[in-house]
Amino acid sequence: MVRVILRRLIQLVVTLIALMTLVFFWLRRLPGGPVDALLGERATPQTRELLTRALGYDQPIWVQYGRFLKNVVTGDFGNSIRTGEPVMDVISRSFPATIELAIAAIIIAIGLGIPLGYLAARHRGRLLDNATIIVTLIGISIPIFFLGYLLKDWLTQDIHFFPPSGRITTGLNNTDVTGFFVLDGLLTRELDASADALWHLVLPAFTLATIPLAIIIRITRASVLDVLDEDYIRTADAKGLRNATIRKRHVLRNALLPVVTTIGLQTGALLAGAVLTEKVYNWGGLGTLITDSISGSRDYPVLQALILLAAVVYIVVNLLVDLSYAIIDPRVRVQ
Amino acid sequence: MRASGMQARRLRTVIAAGAIAALTIGAAGCAESDRDGGGKGKAATGGTFIFAGAGDPKNFDPIFNDDGESFRPIRQMYDTLITHKTGTAELEGGLAESWSNDPTGKIWTFKLRQGVKFHDGTALDAAAVCANFDRWYNMKGEAAQSQMIYYTDIFGGFAGSPDAVYDNCKAPDASTAVVTMKKYKGAFPGAFTLTAFSIASPTAMKKYGADTVTQNGDSFSYSAFANEHPTGTGAFTFGGWNKATGEITLNKNPDYWGDKAKVDKTIIKIIKDENTRKQELRAGTVQAIDFPAPADRKALAGEGYKVLDRPAFNILYLGINQKNPKLKDLRVRQAIAYALNRAQLVQTKGPGGSAVADEFLPNSVLGYAPDVQKYEYNVDRAKQLLAEAGATGLTLNFYYPTEVSRPYMPNPQEIFTVLANDLQAAGIKVNGVPRPWNGGFKDDVQQFGKQDLHILGWTGDYNDPGNFVGTFFGRAKTEFGDASMTEMFTAIGKADATVDPAAKKAAFEQVNRDLAAKWLPAVPIWHAPPALVTTKNVEGLVPSPLTAEKFNTVSLTK
């Protein structure tokens with residue numbers, strides 16, 4: 001087990017260094033740049049020159065790269081070009097927003113997905129099964145962007161049920177403790193703010209959950225069907241074991257392995273999906289930060305840190321998934 | 001709608017409370033929510049006015065900013081020496097009750113308002129005004145200087161620079177500030193109205209280290225003054241910037257020297273997506289939005305929202321790059337002008353209140369000439385001119401920006417399509433070249449001059465013709481590839497250097513006539529008034545041609 005973790009950590013470091021280099025040079029090859037983005041239409045050529053010098057872009061690219069590597073190694077990702085704040089401050093503010101959204105989405109996806117998939121399999125070929133297949137197909141096919149706008153139009157504009165965007169009602173005071181608004185409200189006993197934040201979370205989380213939910217339902221269904229056809233289930237049945245015992249011990253446990261893999265993969269997809277969902281709902285998390293940093297100001301320091309962060313999250317999540325295999329299926333431990 | 005809103009609210013509270021109960025023991029039933037917060041005014045005064053902005057401000061130190069989203073909150077917290085009459089581009093006293101200049105145009109004397117206090121309680125006097133001018137001029141460090149875009153543009157440079165326009169500022173008495181320039185600059189007095197040149201409290205600037213702009217790797221960080229303690233004389237004081245929720249809170253300044261704010265609080269809520277801004281307005285969670293899409297204006301007005309048109313203070317033009325030898329011929333440029341059916345473009349694609357532009361500045365600006373040569377739509381004339389110039393079968397690369405919407409150019413792609421069709425009809429073949437605004441368009445057009453034609457425009461900063469025609473055509477620019485048009489540069493330079501207002505007016509009128517008839521480095525397309533939309537209960541928000549609305553006049557009715 002320790003060797004597995006160690007190997008993964010080495011992989012992580014190598015991946016990060018390669019990614020950092022790639023990102024650094026890729027960003028600088030993009031047309032336009034921070035100087036352009038910061039200056040707008042009014043700057044004189046002198047200002048352009050001054051800014052280029054002040055930002056150090058007049059130096060050779062390898063000098064810039066060396067400076068960047070040195071800073072990263074010392075944990076300094078620099079300051080946001082746009083706001084001047086330390087990059088880590090910007091990210092640590094946006095990170096909880098996205099994680100809160102992603103956790104809510106994954107809770108919805110797992111909480112609904114596994115039972116629904118299981119039920120569909122148990123009722124194979126019947127109405128519930130057919131309905132589930134159709135609904136999941138729709139869920140997978142609709143682009144998040146479109147679904148987000150559709151839900152928003154219907155539920156916030158037509159029937160005024162949910163708030164259209166944001167994480168909390170404008171002007172409502174909430175004390176920032178962890179950055180997770182729902183949790184913060186509970187910690188500080190501002191239950192009003194907590195309820196409000198939770199209410200704002202419902203629609204974006206559901207939008208973000210659609211694709212993983214549909215996938216988890218389908219994988220669970222397929223996997224349960226496979227297991228139900230296995231000989232040992234028939235044996236267990238023949239031995240006269242209770243149905244509930246068979247379901248819990250044999251069917252679900254064995255069917256969950258591919259589902260867990262899917263959940264791991266979907267966590268990465270959730271981060272990508274968050275970019276679109278956050279845009280639709282003005283969510284103010286990492287997704288928003290990524291789009292703003294690329295299209296708005298070419299905020300290199302923020303972008304570099306964000307891409308590294310995404311890679312770390314992805315790799316760590318996959319490591320956790322692999323470790324959870326071992327817990328679910330003891331055979332993995334032996335291998 | 002209100003009744004169903006109430007029901008929904010109750011239901012929401014119940015569901016939300018239930019959900020929380022599932023998360024923590026003992027929390028159920030306690031989530032009685034007043035989610036309106038301070039959002040809705042119950043009377044004609046007081047309450048919170050929530051305005052949806054389209055982007056993050058940079059910081060709140062006026063001199064380090066040059067964009068509208070930063071200027072919106074700054075404008076509520078600070079005042080300038082000279083300002084504009086509400087709703088117009090006409091100059092009137094701000095912190096200075098009156099101003100005058102000597103015949104050389106180099107010495108500006110400001111008579112300051114009495115009894116004005118900064119938010120930190122210190123007095124606004126001539127010494128404070130001079131401290132601001134001296135601070136700008138003596139700013140040290142490339143990091144700080146590179147962020148003073150308006151200062152560099154207007155004042156030429158900093159202490160020690162041969163291009164510097166500023167010389168000194170004297171305070172003969174507490175209420176008189178005398179600013180002396182090294183040379184005359186046509187931008188004044190208009191440029192004194194620029195939000196970047198707002199007067200800040202010298203005490204606060206010193207206390208919070210306003211000048212410490214430090215460079216760290218690729219970027220800069222600003223002082224506590226710029227981020228947490230902006231201190232001006234304005235109608236609102238700084239209440240905070242919650243970056244996690246994207247809310248800038250401004251509190252009413254009870255000691256304001258002018259018309260005190262009618263609302264207790266203003267919140268500028270940053271919502272970057274245009275569609276979401278509209279939805280928030282419809283949901284009643286914000287009371288005003290900026291820059292609605294042209295297509296939404298009618299619908300919103302029909303639903304009872306107030307669509308407030310700003311008088312147009314901008315210009316969209318079709319730039320012509322004379323680096324292409326064919327385009328050096330005036331007849332070809334005139335043919336392009338005749339080929340464009342601008343009246344129809346305004347009708348089909350222009351935001352409400354748009355008008356065809358015949359010159360490069362709006363008619364509220366000094367030097368506007370009513371009698372310039374006009375290019376009415378005439379395809380035959382266009383073809384004839386092309387034939388005379390031997391330029392039949394012309395093929396031109398037409399650059400237009402993507403991923404951008406500007407007040408003067410809400411949808412570049414649509415504008416390009418119409419213009420390109422017009423040109424094709426006159427026999428000019430057009431290769432459309434779309435480029436992202438910050439990812440190639442500005443570079444290709446303004447730095448490298450790769451285009452033959454392009455669309456671009458400008459919103460005026462202050463009321464001066466030099467701010468329009470001077471900015472575009474006052475010097476050789478890659479954008480127009482017109483390095484040899486020295487006659488044009490000289491004429492604009494001369495007009496700009498004329499001190500006497502009447503003579504300056506005449507000189508710029510002639511410039512505008514010549515621009516249309518003799519030089520034609522570009523074709524003016526339209527003036528498009530950008531709009532604001534508010535809910536019915538917002539009173540007193542006066543649209544400004546310079547998009548410089550102040551919120552102290554806003555009140556909320558029931």
# chains A, B, ... in the order shown; residues from 1 in each chain; ligands from 1

call {"tool": "residues_around", "arguments": {"residues": "region 10-17 of chain A", "least_positions_apart": "2", "cutoff": "8 Å", "atoms": "only C-alpha atoms", "output": "list in words"}}
result
Leu6, Arg7, Arg8, Leu19, Met20, Thr21, Leu308, Ala311, Val312 and Ile315 of chain A

call {"tool": "select_by_dssp", "arguments": {"residues": "region 3-122 of chain A", "states": "alpha helix (DSSP H)", "output": "PyMOL selection string"}}
result
chain A and resi 3-29+34-39+45-54+61-73+87-122

call {"tool": "residues_around", "arguments": {"residues": "Asp153 (chain A)", "least_positions_apart": "2", "cutoff": "12 Å", "atoms": "only C-alpha atoms", "output": "ChimeraX atom specification"}}
result
/A:146-151,155-165,203,280-281 /B:275-276,278-280,282-283

call {"tool": "residues_around", "arguments": {"residues": "region 58-68 of chain A", "least_positions_apart": "5", "cutoff": "9 Å", "atoms": "only C-alpha atoms", "output": "ChimeraX atom specification"}}
result
/A:21,24-25,28,49,52-53,73,76-78,301 /B:217-218

call {"tool": "residues_around", "arguments": {"residues": "Asp255 (chain B)", "least_positions_apart": "3", "cutoff": "12 Å", "atoms": "only C-alpha atoms", "output": "count of residues only"}}
result
20

call {"tool": "residues_around", "arguments": {"residues": "Gly156 (chain B)", "least_positions_apart": "5", "cutoff": "12 Å", "atoms": "only C-alpha atoms", "output": "short mmCIF file (atom, residue, chain, number, x, y, z; two decimals) with all heavy atoms, in the first residue's frame"}}
result
data_model
loop_
_atom_site.label_atom_id
_atom_site.label_comp_id
_atom_site.auth_asym_id
_atom_site.auth_seq_id
_atom_site.Cartn_x
_atom_site.Cartn_y
_atom_site.Cartn_z
N ALA A 43 -4.09 53.66 -23.61
CA ALA A 43 -2.69 53.78 -23.23
C ALA A 43 -1.82 54.28 -24.38
O ALA A 43 -2.06 53.98 -25.54
CB ALA A 43 -2.19 52.44 -22.76
N THR A 44 -0.83 55.04 -24.03
CA THR A 44 0.14 55.51 -25.02
C THR A 44 1.22 54.43 -25.19
O THR A 44 1.38 53.58 -24.32
CB THR A 44 0.81 56.80 -24.53
OG1 THR A 44 1.45 56.50 -23.29
CG2 THR A 44 -0.19 57.90 -24.30
N PRO A 45 1.98 54.50 -26.28
CA PRO A 45 3.06 53.52 -26.46
C PRO A 45 4.06 53.55 -25.30
O PRO A 45 4.60 52.51 -24.92
CB PRO A 45 3.73 53.97 -27.76
CG PRO A 45 2.69 54.74 -28.49
CD PRO A 45 1.82 55.37 -27.44
N GLN A 46 4.29 54.76 -24.71
CA GLN A 46 5.21 54.85 -23.58
C GLN A 46 4.72 54.00 -22.41
O GLN A 46 5.50 53.31 -21.76
CB GLN A 46 5.36 56.30 -23.08
CG GLN A 46 6.00 57.25 -24.06
CD GLN A 46 4.96 57.96 -24.91
OE1 GLN A 46 4.20 57.31 -25.63
NE2 GLN A 46 4.91 59.28 -24.86
N THR A 47 3.41 54.08 -22.15
CA THR A 47 2.86 53.30 -21.04
C THR A 47 3.01 51.82 -21.31
O THR A 47 3.34 51.03 -20.43
CB THR A 47 1.38 53.65 -20.84
OG1 THR A 47 1.25 55.04 -20.75
CG2 THR A 47 0.84 53.02 -19.58
N TRP B 136 0.98 62.72 -7.91
CA TRP B 136 0.94 62.11 -9.26
C TRP B 136 2.26 62.37 -10.00
O TRP B 136 2.86 61.47 -10.56
CB TRP B 136 -0.23 62.68 -10.09
CG TRP B 136 -1.57 62.55 -9.43
CD1 TRP B 136 -1.94 61.60 -8.53
CD2 TRP B 136 -2.70 63.41 -9.60
NE1 TRP B 136 -3.24 61.81 -8.13
CE2 TRP B 136 -3.74 62.91 -8.77
CE3 TRP B 136 -2.96 64.54 -10.37
CZ2 TRP B 136 -5.00 63.50 -8.69
CZ3 TRP B 136 -4.22 65.13 -10.30
CH2 TRP B 136 -5.22 64.61 -9.46
N TYR B 137 2.66 63.62 -9.96
CA TYR B 137 3.85 64.03 -10.72
C TYR B 137 5.11 63.33 -10.20
O TYR B 137 5.98 62.94 -10.98
CB TYR B 137 4.00 65.55 -10.62
CG TYR B 137 5.19 66.14 -11.30
CD1 TYR B 137 5.35 66.06 -12.68
CD2 TYR B 137 6.16 66.85 -10.57
CE1 TYR B 137 6.45 66.64 -13.31
CE2 TYR B 137 7.25 67.43 -11.19
CZ TYR B 137 7.40 67.32 -12.56
OH TYR B 137 8.48 67.89 -13.19
N GLN B 145 3.95 53.84 -11.95
CA GLN B 145 3.78 54.72 -13.12
C GLN B 145 3.03 54.02 -14.26
O GLN B 145 2.22 54.62 -14.95
CB GLN B 145 5.14 55.21 -13.60
CG GLN B 145 5.79 56.19 -12.63
CD GLN B 145 7.17 56.62 -13.10
OE1 GLN B 145 7.69 56.09 -14.08
NE2 GLN B 145 7.77 57.56 -12.40
N MET B 148 -0.68 54.36 -14.20
CA MET B 148 -1.29 55.70 -14.25
C MET B 148 -1.55 56.08 -15.71
O MET B 148 -0.93 56.99 -16.25
CB MET B 148 -0.37 56.69 -13.55
CG MET B 148 -0.25 56.37 -12.06
SD MET B 148 1.04 57.29 -11.21
CE MET B 148 0.48 58.97 -11.33
N ILE B 149 -2.47 55.35 -16.31
CA ILE B 149 -2.66 55.47 -17.74
C ILE B 149 -3.20 56.84 -18.16
O ILE B 149 -2.70 57.46 -19.09
CB ILE B 149 -3.57 54.31 -18.22
CG1 ILE B 149 -2.75 53.01 -18.12
CG2 ILE B 149 -4.07 54.53 -19.64
CD1 ILE B 149 -3.55 51.77 -18.23
N TYR B 150 -4.20 57.31 -17.43
CA TYR B 150 -4.73 58.63 -17.77
C TYR B 150 -3.71 59.73 -17.49
O TYR B 150 -3.61 60.71 -18.22
CB TYR B 150 -6.02 58.92 -16.99
CG TYR B 150 -7.24 58.40 -17.69
CD1 TYR B 150 -8.00 57.36 -17.18
CD2 TYR B 150 -7.65 58.97 -18.90
CE1 TYR B 150 -9.13 56.90 -17.83
CE2 TYR B 150 -8.77 58.51 -19.56
CZ TYR B 150 -9.51 57.48 -19.02
OH TYR B 150 -10.62 57.02 -19.67
N TYR B 151 -2.98 59.57 -16.40
CA TYR B 151 -2.00 60.60 -16.07
C TYR B 151 -0.95 60.71 -17.18
O TYR B 151 -0.62 61.80 -17.65
CB TYR B 151 -1.33 60.33 -14.72
CG TYR B 151 -0.47 61.48 -14.27
CD1 TYR B 151 -1.04 62.58 -13.64
CD2 TYR B 151 0.90 61.52 -14.54
CE1 TYR B 151 -0.28 63.68 -13.28
CE2 TYR B 151 1.67 62.60 -14.18
CZ TYR B 151 1.08 63.69 -13.55
OH TYR B 151 1.83 64.77 -13.20
N SER B 161 10.88 63.97 -16.56
CA SER B 161 10.64 63.63 -17.97
C SER B 161 10.50 64.91 -18.80
O SER B 161 9.83 65.85 -18.39
CB SER B 161 9.37 62.80 -18.10
OG SER B 161 8.85 62.91 -19.41
N PRO B 162 11.15 64.96 -19.97
CA PRO B 162 11.04 66.16 -20.80
C PRO B 162 9.62 66.37 -21.34
O PRO B 162 9.25 67.48 -21.72
CB PRO B 162 12.01 65.88 -21.97
CG PRO B 162 12.23 64.40 -21.95
CD PRO B 162 12.03 63.95 -20.55
N ASP B 163 8.83 65.32 -21.36
CA ASP B 163 7.45 65.44 -21.87
C ASP B 163 6.45 65.88 -20.82
O ASP B 163 5.27 66.06 -21.13
CB ASP B 163 6.99 64.09 -22.44
CG ASP B 163 7.89 63.62 -23.57
OD1 ASP B 163 8.34 64.49 -24.34
OD2 ASP B 163 8.13 62.40 -23.67
N ALA B 164 6.89 65.99 -19.56
CA ALA B 164 5.94 66.28 -18.49
C ALA B 164 5.26 67.63 -18.71
O ALA B 164 5.90 68.62 -19.06
CB ALA B 164 6.65 66.25 -17.15
N VAL B 165 3.97 67.66 -18.52
CA VAL B 165 3.18 68.87 -18.72
C VAL B 165 3.06 69.66 -17.41
O VAL B 165 3.09 70.88 -17.38
CB VAL B 165 1.77 68.50 -19.26
CG1 VAL B 165 0.84 69.71 -19.25
CG2 VAL B 165 1.87 67.91 -20.67
N TYR B 166 2.96 68.92 -16.30
CA TYR B 166 2.76 69.57 -14.99
C TYR B 166 4.06 70.23 -14.52
O TYR B 166 5.15 69.69 -14.71
CB TYR B 166 2.33 68.50 -13.98
CG TYR B 166 2.21 68.98 -12.56
CD1 TYR B 166 1.07 69.67 -12.13
CD2 TYR B 166 3.22 68.74 -11.62
CE1 TYR B 166 0.95 70.10 -10.81
CE2 TYR B 166 3.12 69.17 -10.31
CZ TYR B 166 1.97 69.85 -9.91
OH TYR B 166 1.86 70.28 -8.61
N ASP B 167 3.89 71.42 -13.91
CA ASP B 167 5.05 72.08 -13.35
C ASP B 167 4.95 72.15 -11.83
O ASP B 167 5.74 71.54 -11.12
CB ASP B 167 5.20 73.48 -13.94
CG ASP B 167 6.54 74.12 -13.59
OD1 ASP B 167 7.40 73.38 -13.06
OD2 ASP B 167 6.72 75.32 -13.84
N MET B 181 1.24 74.66 -15.55
CA MET B 181 1.73 73.63 -16.48
C MET B 181 2.96 74.17 -17.20
O MET B 181 3.10 75.38 -17.38
CB MET B 181 0.66 73.29 -17.53
CG MET B 181 -0.71 73.02 -16.96
SD MET B 181 -0.78 71.45 -16.10
CE MET B 181 -2.51 71.42 -15.65
N LYS B 182 3.80 73.24 -17.66
CA LYS B 182 4.98 73.66 -18.41
C LYS B 182 4.58 74.11 -19.81
O LYS B 182 5.25 74.92 -20.43
CB LYS B 182 5.96 72.49 -18.53
CG LYS B 182 6.66 72.19 -17.22
CD LYS B 182 7.85 71.25 -17.46
CE LYS B 182 8.62 71.02 -16.19
NZ LYS B 182 8.27 69.77 -15.51
N LYS B 183 3.52 73.52 -20.32
CA LYS B 183 3.05 73.94 -21.64
C LYS B 183 1.53 73.86 -21.69
O LYS B 183 0.91 73.18 -20.86
CB LYS B 183 3.67 73.07 -22.73
CG LYS B 183 3.61 71.58 -22.50
CD LYS B 183 4.50 70.86 -23.50
CE LYS B 183 4.90 69.50 -22.97
NZ LYS B 183 6.05 68.90 -23.54
N TYR B 184 0.97 74.53 -22.68
CA TYR B 184 -0.48 74.49 -22.83
C TYR B 184 -0.90 73.12 -23.30
O TYR B 184 -0.22 72.48 -24.11
CB TYR B 184 -0.95 75.54 -23.85
CG TYR B 184 -2.40 75.39 -24.20
CD1 TYR B 184 -3.39 75.78 -23.30
CD2 TYR B 184 -2.80 74.82 -25.42
CE1 TYR B 184 -4.72 75.62 -23.60
CE2 TYR B 184 -4.13 74.65 -25.72
CZ TYR B 184 -5.09 75.05 -24.80
OH TYR B 184 -6.41 74.87 -25.10
N LYS B 185 -2.03 72.66 -22.78
CA LYS B 185 -2.54 71.36 -23.21
C LYS B 185 -4.03 71.52 -23.49
O LYS B 185 -4.80 71.93 -22.62
CB LYS B 185 -2.30 70.36 -22.07
CG LYS B 185 -2.81 68.98 -22.34
CD LYS B 185 -1.72 68.09 -22.86
CE LYS B 185 -2.30 66.70 -23.16
NZ LYS B 185 -1.34 65.79 -23.69
N ALA B 187 -6.37 69.52 -23.69
CA ALA B 187 -7.31 68.66 -22.97
C ALA B 187 -7.96 69.37 -21.78
O ALA B 187 -9.03 68.97 -21.34
CB ALA B 187 -6.58 67.43 -22.47
#

call {"tool": "closest_residue", "arguments": {"among": "A:Val251, A:Leu201, A:Leu323, A:Leu228", "to": "chain B", "atoms": "only C-alpha atoms"}}
result
A:Leu201

call {"tool": "atom_distance", "arguments": {"atom1": "CA of Gln322 (chain B)", "atom2": "CA of Gly481 (chain B)"}}
result
4.9 Å

call {"tool": "closest_residue", "arguments": {"among": "A:Asn79, A:Ile133, A:Ile110, A:Leu119", "to": "Gln215 (chain B)", "atoms": "only C-alpha atoms"}}
result
A:Asn79

call {"tool": "residues_around", "arguments": {"residues": "region 95-104 of chain B", "least_positions_apart": "2", "cutoff": "7 Å", "atoms": "only C-alpha atoms", "output": "list in words"}}
result
Asp79, Thr80, Leu81, Ile82, Gly93, Lys106, Ile107, Trp108, Thr109, Phe110, Lys111, Leu112, Arg113, Tyr184 and Val499 of chain B

call {"tool": "write_last_selection", "arguments": {"atoms": "N, CA and C atoms", "output": "mmCIF file, in the first residue's frame"}}
result
data_model
loop_
_atom_site.group_PDB
_atom_site.id
_atom_site.type_symbol
_atom_site.label_atom_id
_atom_site.label_comp_id
_atom_site.auth_asym_id
_atom_site.auth_seq_id
_atom_site.Cartn_x
_atom_site.Cartn_y
_atom_site.Cartn_z
ATOM 1 N N ASP B 79 -14.660 63.085 -5.396
ATOM 2 C CA ASP B 79 -15.077 64.157 -6.308
ATOM 3 C C ASP B 79 -13.866 64.663 -7.068
ATOM 4 N N THR B 80 -14.156 65.283 -8.213
ATOM 5 C CA THR B 80 -13.087 65.921 -8.993
ATOM 6 C C THR B 80 -13.230 67.434 -8.856
ATOM 7 N N LEU B 81 -12.193 68.172 -9.279
ATOM 8 C CA LEU B 81 -12.245 69.639 -9.166
ATOM 9 C C LEU B 81 -13.368 70.206 -10.021
ATOM 10 N N ILE B 82 -13.437 69.712 -11.260
ATOM 11 C CA ILE B 82 -14.508 70.136 -12.159
ATOM 12 C C ILE B 82 -15.326 68.895 -12.478
ATOM 13 N N GLY B 93 -18.733 73.350 -11.731
ATOM 14 C CA GLY B 93 -17.844 73.236 -10.584
ATOM 15 C C GLY B 93 -18.061 71.949 -9.817
ATOM 16 N N LYS B 106 -1.623 78.149 -19.434
ATOM 17 C CA LYS B 106 -0.737 77.290 -18.645
ATOM 18 C C LYS B 106 -1.045 77.331 -17.155
ATOM 19 N N ILE B 107 -1.670 78.451 -16.708
ATOM 20 C CA ILE B 107 -1.900 78.586 -15.260
ATOM 21 C C ILE B 107 -3.398 78.472 -14.970
ATOM 22 N N TRP B 108 -3.738 77.479 -14.170
ATOM 23 C CA TRP B 108 -5.145 77.219 -13.839
ATOM 24 C C TRP B 108 -5.374 77.550 -12.367
ATOM 25 N N THR B 109 -6.353 78.422 -12.127
ATOM 26 C CA THR B 109 -6.645 78.816 -10.747
ATOM 27 C C THR B 109 -8.008 78.251 -10.342
ATOM 28 N N PHE B 110 -8.003 77.504 -9.241
ATOM 29 C CA PHE B 110 -9.248 76.888 -8.750
ATOM 30 C C PHE B 110 -9.660 77.536 -7.432
ATOM 31 N N LYS B 111 -10.904 78.005 -7.392
ATOM 32 C CA LYS B 111 -11.466 78.522 -6.133
ATOM 33 C C LYS B 111 -12.240 77.377 -5.485
ATOM 34 N N LEU B 112 -11.772 76.929 -4.348
ATOM 35 C CA LEU B 112 -12.343 75.713 -3.769
ATOM 36 C C LEU B 112 -13.582 75.985 -2.921
ATOM 37 N N ARG B 113 -14.423 74.998 -2.866
ATOM 38 C CA ARG B 113 -15.619 75.041 -2.041
ATOM 39 C C ARG B 113 -15.218 75.065 -0.561
ATOM 40 N N TYR B 184 0.968 74.531 -22.676
ATOM 41 C CA TYR B 184 -0.483 74.491 -22.831
ATOM 42 C C TYR B 184 -0.898 73.119 -23.299
ATOM 43 N N VAL B 499 -5.524 78.220 -27.641
ATOM 44 C CA VAL B 499 -6.033 78.475 -26.290
ATOM 45 C C VAL B 499 -7.422 79.100 -26.336
#

call {"tool": "closest_residue", "arguments": {"among": "A:Val316, A:Ile114, A:Leu183, A:Ile107", "to": "chain B", "atoms": "only C-alpha atoms"}}
result
A:Leu183

call {"tool": "closest_residue", "arguments": {"among": "B:Thr534, B:Val332, B:Ser175, B:Leu546", "to": "Gly284 (chain B)", "atoms": "only C-alpha atoms"}}
result
B:Thr534

call {"tool": "closest_residue", "arguments": {"among": "A:Pro258, A:Gly125, A:Gly285, A:Gly75", "to": "chain B", "atoms": "only C-alpha atoms"}}
result
A:Gly285

call {"tool": "closest_residue", "arguments": {"among": "B:Ile74, B:Ala295, B:Ala531, B:Leu281", "to": "Ala312 (chain B)", "atoms": "only C-alpha atoms"}}
result
B:Ala531
